[in-house]
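Visitor: Got a file for you: query.txt, compact mmCIF, N, CA and C atoms.
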```txt
# COMPACT_ATOMS: atom_id res chain seq x y z
N MET A 1 0.83 -1.18 0.00
CA MET A 1 0.00 0.00 0.00
C MET A 1 0.87 1.24 0.00
N SER A 2 0.49 2.23 -0.72
CA SER A 2 1.26 3.46 -0.85
C SER A 2 1.29 4.22 0.47
N GLU A 3 2.39 4.93 0.71
CA GLU A 3 2.52 5.74 1.91
C GLU A 3 1.61 6.96 1.84
N GLU A 4 1.24 7.37 0.63
CA GLU A 4 0.40 8.54 0.47
C GLU A 4 -0.94 8.12 -0.10
N GLN A 5 -2.01 8.58 0.51
CA GLN A 5 -3.34 8.26 0.03
C GLN A 5 -4.06 9.55 -0.30
N LYS A 6 -4.77 9.56 -1.40
CA LYS A 6 -5.51 10.73 -1.81
C LYS A 6 -6.99 10.47 -1.62
N ALA A 7 -7.67 11.38 -0.99
CA ALA A 7 -9.11 11.23 -0.80
C ALA A 7 -9.78 11.31 -2.17
N PRO A 8 -10.74 10.43 -2.44
CA PRO A 8 -11.36 10.40 -3.75
C PRO A 8 -12.25 11.60 -4.05
N GLU A 9 -12.71 12.29 -3.03
CA GLU A 9 -13.63 13.39 -3.25
C GLU A 9 -12.90 14.73 -3.19
N THR A 10 -13.31 15.64 -4.04
CA THR A 10 -12.81 17.01 -3.96
C THR A 10 -14.01 17.93 -3.98
N GLU A 11 -13.87 19.06 -3.33
CA GLU A 11 -14.93 20.06 -3.33
C GLU A 11 -14.59 21.08 -4.40
N GLU A 12 -15.61 21.66 -4.99
CA GLU A 12 -15.39 22.65 -6.01
C GLU A 12 -16.24 23.87 -5.71
N HIS A 13 -15.62 25.04 -5.70
CA HIS A 13 -16.32 26.30 -5.47
C HIS A 13 -15.98 27.23 -6.63
N VAL A 14 -16.94 28.00 -7.07
CA VAL A 14 -16.67 28.97 -8.13
C VAL A 14 -16.68 30.34 -7.49
N GLU A 15 -15.55 31.03 -7.57
CA GLU A 15 -15.41 32.36 -7.01
C GLU A 15 -14.92 33.28 -8.11
N GLY A 16 -15.83 34.02 -8.72
CA GLY A 16 -15.43 34.89 -9.81
C GLY A 16 -14.99 34.06 -10.99
N LYS A 17 -13.79 34.32 -11.50
CA LYS A 17 -13.29 33.60 -12.67
C LYS A 17 -12.41 32.41 -12.30
N ALA A 18 -11.98 32.34 -11.07
CA ALA A 18 -11.12 31.24 -10.63
C ALA A 18 -11.96 30.19 -9.91
N ARG A 19 -11.64 28.92 -10.15
CA ARG A 19 -12.31 27.84 -9.43
C ARG A 19 -11.40 27.37 -8.32
N THR A 20 -11.98 27.05 -7.18
CA THR A 20 -11.22 26.59 -6.04
C THR A 20 -11.55 25.12 -5.79
N PHE A 21 -10.52 24.29 -5.69
CA PHE A 21 -10.67 22.87 -5.44
C PHE A 21 -10.04 22.53 -4.10
N THR A 22 -10.67 21.66 -3.35
CA THR A 22 -10.11 21.19 -2.08
C THR A 22 -9.91 19.69 -2.17
N GLU A 23 -8.71 19.23 -1.82
CA GLU A 23 -8.44 17.80 -1.78
C GLU A 23 -7.72 17.48 -0.49
N GLU A 24 -7.78 16.24 -0.09
CA GLU A 24 -7.13 15.82 1.16
C GLU A 24 -6.18 14.68 0.87
N LEU A 25 -4.95 14.82 1.35
CA LEU A 25 -3.92 13.79 1.22
C LEU A 25 -3.58 13.27 2.60
N GLU A 26 -3.22 12.01 2.68
CA GLU A 26 -2.75 11.45 3.95
C GLU A 26 -1.34 10.95 3.72
N VAL A 27 -0.41 11.42 4.54
CA VAL A 27 0.99 11.05 4.39
C VAL A 27 1.58 10.63 5.73
N ALA A 28 2.67 9.89 5.66
CA ALA A 28 3.41 9.53 6.88
C ALA A 28 4.07 10.80 7.41
N GLY A 29 4.20 10.89 8.72
CA GLY A 29 4.81 12.06 9.33
C GLY A 29 6.19 12.36 8.77
N SER A 30 6.94 11.31 8.46
CA SER A 30 8.30 11.49 7.94
C SER A 30 8.32 12.11 6.54
N GLN A 31 7.20 12.05 5.83
CA GLN A 31 7.12 12.60 4.47
C GLN A 31 6.49 13.98 4.43
N LEU A 32 6.06 14.49 5.56
CA LEU A 32 5.29 15.73 5.61
C LEU A 32 6.02 16.92 4.99
N VAL A 33 7.24 17.19 5.41
CA VAL A 33 7.97 18.36 4.92
C VAL A 33 8.20 18.27 3.42
N ASP A 34 8.63 17.10 2.94
CA ASP A 34 8.89 16.93 1.51
C ASP A 34 7.62 17.14 0.69
N ARG A 35 6.51 16.59 1.15
CA ARG A 35 5.25 16.70 0.41
C ARG A 35 4.75 18.15 0.39
N VAL A 36 4.89 18.86 1.51
CA VAL A 36 4.48 20.26 1.55
C VAL A 36 5.35 21.10 0.61
N GLN A 37 6.64 20.84 0.57
CA GLN A 37 7.53 21.56 -0.35
C GLN A 37 7.09 21.33 -1.80
N GLU A 38 6.76 20.11 -2.15
CA GLU A 38 6.30 19.80 -3.51
C GLU A 38 5.03 20.57 -3.83
N LEU A 39 4.09 20.59 -2.89
CA LEU A 39 2.83 21.29 -3.11
C LEU A 39 3.04 22.79 -3.29
N VAL A 40 3.90 23.38 -2.49
CA VAL A 40 4.17 24.81 -2.58
C VAL A 40 4.79 25.15 -3.94
N LYS A 41 5.69 24.31 -4.41
CA LYS A 41 6.35 24.55 -5.70
C LYS A 41 5.39 24.46 -6.88
N GLU A 42 4.28 23.76 -6.72
CA GLU A 42 3.32 23.64 -7.82
C GLU A 42 2.73 24.98 -8.22
N GLY A 43 2.64 25.92 -7.29
CA GLY A 43 2.23 27.28 -7.63
C GLY A 43 0.74 27.55 -7.60
N ASN A 44 -0.12 26.55 -7.75
CA ASN A 44 -1.56 26.82 -7.76
C ASN A 44 -2.22 26.51 -6.42
N VAL A 45 -1.41 26.23 -5.41
CA VAL A 45 -1.94 25.94 -4.08
C VAL A 45 -2.17 27.24 -3.34
N ARG A 46 -3.39 27.45 -2.86
CA ARG A 46 -3.76 28.68 -2.17
C ARG A 46 -3.62 28.56 -0.66
N LYS A 47 -3.93 27.37 -0.12
CA LYS A 47 -3.89 27.18 1.33
C LYS A 47 -3.61 25.72 1.65
N LEU A 48 -2.87 25.48 2.73
CA LEU A 48 -2.61 24.14 3.24
C LEU A 48 -3.07 24.08 4.69
N VAL A 49 -3.76 23.00 5.04
CA VAL A 49 -4.17 22.77 6.42
C VAL A 49 -3.66 21.40 6.82
N ILE A 50 -2.84 21.33 7.86
CA ILE A 50 -2.30 20.07 8.35
C ILE A 50 -3.17 19.63 9.52
N LYS A 51 -3.66 18.38 9.43
CA LYS A 51 -4.55 17.84 10.46
C LYS A 51 -4.00 16.53 11.01
N ASN A 52 -4.36 16.22 12.24
CA ASN A 52 -4.00 14.91 12.79
C ASN A 52 -5.03 13.89 12.31
N PRO A 53 -4.83 12.60 12.58
CA PRO A 53 -5.78 11.58 12.09
C PRO A 53 -7.21 11.76 12.59
N GLU A 54 -7.41 12.52 13.66
CA GLU A 54 -8.75 12.77 14.18
C GLU A 54 -9.39 14.02 13.56
N ASP A 55 -8.78 14.56 12.51
CA ASP A 55 -9.25 15.75 11.78
C ASP A 55 -9.18 17.04 12.59
N GLU A 56 -8.33 17.11 13.59
CA GLU A 56 -8.12 18.35 14.33
C GLU A 56 -7.00 19.13 13.65
N LYS A 57 -7.22 20.43 13.42
CA LYS A 57 -6.22 21.25 12.75
C LYS A 57 -4.98 21.39 13.63
N ILE A 58 -3.83 21.17 13.04
CA ILE A 58 -2.56 21.37 13.73
C ILE A 58 -1.97 22.71 13.32
N ILE A 59 -1.97 22.96 12.00
CA ILE A 59 -1.41 24.21 11.48
C ILE A 59 -2.11 24.53 10.16
N GLU A 60 -2.28 25.81 9.90
CA GLU A 60 -2.91 26.27 8.66
C GLU A 60 -2.00 27.31 8.03
N MET A 61 -1.69 27.14 6.74
CA MET A 61 -0.80 28.06 6.04
C MET A 61 -1.50 28.62 4.82
N SER A 62 -1.60 29.94 4.72
CA SER A 62 -2.11 30.57 3.52
C SER A 62 -0.93 30.93 2.64
N LEU A 63 -1.05 30.65 1.36
CA LEU A 63 0.03 30.93 0.42
C LEU A 63 -0.40 32.06 -0.51
N THR A 64 0.56 32.90 -0.90
CA THR A 64 0.28 34.05 -1.75
C THR A 64 0.02 33.62 -3.19
N LEU A 65 -1.00 34.23 -3.80
CA LEU A 65 -1.27 33.97 -5.21
C LEU A 65 -0.13 34.48 -6.06
N GLY A 66 0.21 33.74 -7.08
CA GLY A 66 1.22 34.18 -8.01
C GLY A 66 2.65 33.95 -7.52
N ALA A 67 2.81 33.40 -6.35
CA ALA A 67 4.15 33.12 -5.85
C ALA A 67 4.73 31.95 -6.63
N VAL A 68 6.02 32.01 -6.91
CA VAL A 68 6.61 31.01 -7.78
C VAL A 68 7.79 30.30 -7.13
N GLY A 69 7.84 28.99 -7.33
CA GLY A 69 8.99 28.13 -7.07
C GLY A 69 9.78 28.34 -5.80
N ALA A 70 11.09 28.43 -5.97
CA ALA A 70 12.03 28.44 -4.86
C ALA A 70 11.83 29.63 -3.93
N GLY A 71 11.38 30.76 -4.47
CA GLY A 71 11.15 31.93 -3.64
C GLY A 71 10.13 31.66 -2.56
N VAL A 72 9.10 30.91 -2.89
CA VAL A 72 8.06 30.58 -1.91
C VAL A 72 8.62 29.65 -0.85
N VAL A 73 9.44 28.70 -1.27
CA VAL A 73 10.01 27.75 -0.31
C VAL A 73 10.90 28.49 0.68
N VAL A 74 11.65 29.47 0.22
CA VAL A 74 12.48 30.27 1.12
C VAL A 74 11.60 31.04 2.09
N LEU A 75 10.50 31.64 1.59
CA LEU A 75 9.60 32.39 2.46
C LEU A 75 8.88 31.48 3.44
N ALA A 76 8.70 30.21 3.06
CA ALA A 76 7.98 29.26 3.91
C ALA A 76 8.91 28.54 4.89
N ALA A 77 10.18 28.88 4.91
CA ALA A 77 11.15 28.17 5.75
C ALA A 77 10.73 28.08 7.22
N PRO A 78 10.22 29.15 7.84
CA PRO A 78 9.78 29.00 9.24
C PRO A 78 8.65 27.98 9.40
N TRP A 79 7.72 27.94 8.43
CA TRP A 79 6.64 26.96 8.47
C TRP A 79 7.20 25.55 8.34
N LEU A 80 8.20 25.40 7.47
CA LEU A 80 8.78 24.07 7.25
C LEU A 80 9.48 23.56 8.50
N ALA A 81 10.11 24.46 9.25
CA ALA A 81 10.74 24.05 10.51
C ALA A 81 9.69 23.56 11.50
N ALA A 82 8.56 24.27 11.56
CA ALA A 82 7.47 23.84 12.45
C ALA A 82 6.90 22.50 11.99
N LEU A 83 6.77 22.31 10.69
CA LEU A 83 6.28 21.04 10.17
C LEU A 83 7.22 19.89 10.51
N GLY A 84 8.52 20.16 10.48
CA GLY A 84 9.50 19.14 10.84
C GLY A 84 9.32 18.68 12.28
N ALA A 85 9.03 19.62 13.17
CA ALA A 85 8.79 19.27 14.57
C ALA A 85 7.51 18.47 14.72
N ILE A 86 6.48 18.86 13.98
CA ILE A 86 5.20 18.12 14.02
C ILE A 86 5.40 16.71 13.49
N ALA A 87 6.13 16.59 12.40
CA ALA A 87 6.36 15.29 11.77
C ALA A 87 7.05 14.32 12.72
N ALA A 88 7.89 14.84 13.59
CA ALA A 88 8.59 13.98 14.54
C ALA A 88 7.65 13.42 15.61
N LEU A 89 6.50 14.07 15.79
CA LEU A 89 5.58 13.67 16.86
C LEU A 89 4.43 12.79 16.40
N VAL A 90 4.13 12.78 15.11
CA VAL A 90 2.97 12.02 14.64
C VAL A 90 3.35 11.01 13.58
N ALA A 91 2.64 9.89 13.55
CA ALA A 91 2.92 8.84 12.57
C ALA A 91 2.30 9.17 11.22
N ARG A 92 1.07 9.68 11.22
CA ARG A 92 0.37 10.02 9.98
C ARG A 92 -0.34 11.36 10.16
N VAL A 93 -0.39 12.11 9.07
CA VAL A 93 -1.11 13.38 9.08
C VAL A 93 -1.93 13.50 7.80
N LYS A 94 -2.91 14.39 7.85
CA LYS A 94 -3.71 14.69 6.67
C LYS A 94 -3.36 16.10 6.23
N ILE A 95 -3.26 16.28 4.93
CA ILE A 95 -2.98 17.60 4.37
C ILE A 95 -4.20 17.98 3.52
N GLU A 96 -4.88 19.04 3.92
CA GLU A 96 -5.96 19.57 3.11
C GLU A 96 -5.37 20.63 2.20
N VAL A 97 -5.54 20.45 0.89
CA VAL A 97 -4.93 21.33 -0.10
C VAL A 97 -6.05 22.08 -0.81
N VAL A 98 -5.97 23.42 -0.78
CA VAL A 98 -6.93 24.25 -1.51
C VAL A 98 -6.18 24.84 -2.69
N ARG A 99 -6.66 24.54 -3.89
CA ARG A 99 -6.02 25.00 -5.13
C ARG A 99 -6.94 25.94 -5.87
N GLU A 100 -6.34 26.86 -6.65
CA GLU A 100 -7.10 27.72 -7.53
C GLU A 100 -6.70 27.43 -8.96
N GLU A 101 -7.71 27.42 -9.82
CA GLU A 101 -7.47 27.18 -11.23
C GLU A 101 -8.29 28.18 -12.02
N GLU A 102 -7.64 28.86 -12.98
CA GLU A 102 -8.37 29.81 -13.82
C GLU A 102 -9.37 29.05 -14.68
N SER A 103 -10.58 29.63 -14.84
CA SER A 103 -11.57 28.96 -15.69
C SER A 103 -11.54 29.50 -17.10
```
Re-express the file's structure as structure tokens.
Guide:
Amino acid sequence: MSEEQKAPETEEHVEGKARTFTEELEVAGSQLVDRVQELVKEGNVRKLVIKNPEDEKIIEMSLTLGAVGAGVVVLAAPWLAALGAIAALVARVKIEVVREEES
């Protein structure tokens, strides 16, 4: 079985000209920082919410629209340090990903 599981359902909201999608990923705690870095680099992620297996929010990060690549990762460095500490304490976490896509 894969270490990462994707929830089959996504929510869709229409806000003006951009559509917002929400998806939930489940990853091992040891993969948390790497997976968040990948998501941030994708560029269309608007918000990340890290939850424990009981769906309680641990941390919520809003990302700037139009932010690109490595610059965002550098700006997110304090968040990544906090995620590293969280990852050391939990076996599995859920990542709620809110994306925007132009229609």
Visitor: Counting only N, CA and C atoms, write as a PyMOL selection string all protein and nucleic acid residues lying at most 5 Å from (-2.3, 15.2, 7.7) in the file's frame.
Guide: chain A and resi 50-51+92-95
Visitor: Here is a test: counting only C-alpha atoms, which residue of A:Leu83, A:Val45, A:Pro78, A:Gln37 is nearest to Ile59 in chain A?
Guide: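 Distance minimum relative to Ile59 in chain A lands on A:Leu83.
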Visitor: List as a VMD selection string the protein and nucleic acid residues near Leu48 in chain A, meaning an atom at most 8 Å away when only N, CA and C atoms are counted, but skip any in the same chain fewer than 5 places from it.
Guide: chain A and resid 59 to 63 95 to 99
Visitor: Keeping only N, CA and C atoms, take the residues you just selected and write them out as a PDB file, in the frame of the given file.
Guide:
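Contents of part08.pdb, freshly written:
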```
ATOM      1  N   ILE A  59      -1.970  22.960  12.000  1.00  0.00           N
ATOM      2  CA  ILE A  59      -1.410  24.210  11.480  1.00  0.00           C
ATOM      3  C   ILE A  59      -2.110  24.530  10.160  1.00  0.00           C
ATOM      4  N   GLU A  60      -2.280  25.810   9.900  1.00  0.00           N
ATOM      5  CA  GLU A  60      -2.910  26.270   8.660  1.00  0.00           C
ATOM      6  C   GLU A  60      -2.000  27.310   8.030  1.00  0.00           C
ATOM      7  N   MET A  61      -1.690  27.140   6.740  1.00  0.00           N
ATOM      8  CA  MET A  61      -0.800  28.060   6.040  1.00  0.00           C
ATOM      9  C   MET A  61      -1.500  28.620   4.820  1.00  0.00           C
ATOM     10  N   SER A  62      -1.600  29.940   4.720  1.00  0.00           N
ATOM     11  CA  SER A  62      -2.110  30.570   3.520  1.00  0.00           C
ATOM     12  C   SER A  62      -0.930  30.930   2.640  1.00  0.00           C
ATOM     13  N   LEU A  63      -1.050  30.650   1.360  1.00  0.00           N
ATOM     14  CA  LEU A  63       0.030  30.930   0.420  1.00  0.00           C
ATOM     15  C   LEU A  63      -0.400  32.060  -0.510  1.00  0.00           C
ATOM     16  N   ILE A  95      -3.260  16.280   4.930  1.00  0.00           N
ATOM     17  CA  ILE A  95      -2.980  17.600   4.370  1.00  0.00           C
ATOM     18  C   ILE A  95      -4.200  17.980   3.520  1.00  0.00           C
ATOM     19  N   GLU A  96      -4.880  19.040   3.920  1.00  0.00           N
ATOM     20  CA  GLU A  96      -5.960  19.570   3.110  1.00  0.00           C
ATOM     21  C   GLU A  96      -5.370  20.630   2.200  1.00  0.00           C
ATOM     22  N   VAL A  97      -5.540  20.450   0.890  1.00  0.00           N
ATOM     23  CA  VAL A  97      -4.930  21.330  -0.100  1.00  0.00           C
ATOM     24  C   VAL A  97      -6.050  22.080  -0.810  1.00  0.00           C
ATOM     25  N   VAL A  98      -5.970  23.420  -0.780  1.00  0.00           N
ATOM     26  CA  VAL A  98      -6.930  24.250  -1.510  1.00  0.00           C
ATOM     27  C   VAL A  98      -6.180  24.840  -2.690  1.00  0.00           C
ATOM     28  N   ARG A  99      -6.660  24.540  -3.890  1.00  0.00           N
ATOM     29  CA  ARG A  99      -6.020  25.000  -5.130  1.00  0.00           C
ATOM     30  C   ARG A  99      -6.940  25.940  -5.870  1.00  0.00           C
TER      31      ARG A  99
END
```
Visitor: Which is closest to Val90 in chain A among A:Val36, A:Thr22, A:Glu42, A:Asn52, if we use all atoms listed in the file?
Guide: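 Among the listed residues, the smallest separation from Val90 in chain A belongs to A:Asn52.
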Visitor: What is the atom N of Ile86 in chain A-CA of Val40 in chain A distance in Å, reported with one decimal?
Guide: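 Atom N of Ile86 in chain A sits 17.7 Å away from CA of Val40 in chain A.
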Visitor: Interatomic distance between CA of Ser30 in chain A and atom C of Gly84 in chain A?
Guide: 8.5 Å
Visitor: Counting only N, CA and C atoms, which residue out of A:Ala91, A:Lys41, A:Arg46, A:Glu101 sits closest to Ala28 in chain A?
Guide: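 Of A:Ala91, A:Lys41, A:Arg46, A:Glu101, the one nearest Ala28 in chain A, counting only N, CA and C atoms, is A:Ala91.
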Visitor: Work out how far CA of Phe21 in chain A is from CA of Ala85 in chain A, in Å to one decimal.
Guide: 28.1 Å
Visitor: Looking at only C-alpha atoms, which of A:Val49, A:Ala18, A:Gly29, A:Asp34 is the one that sits closest to Leu89 in chain A?
Guide: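 Nearest to Leu89 in chain A: A:Gly29.
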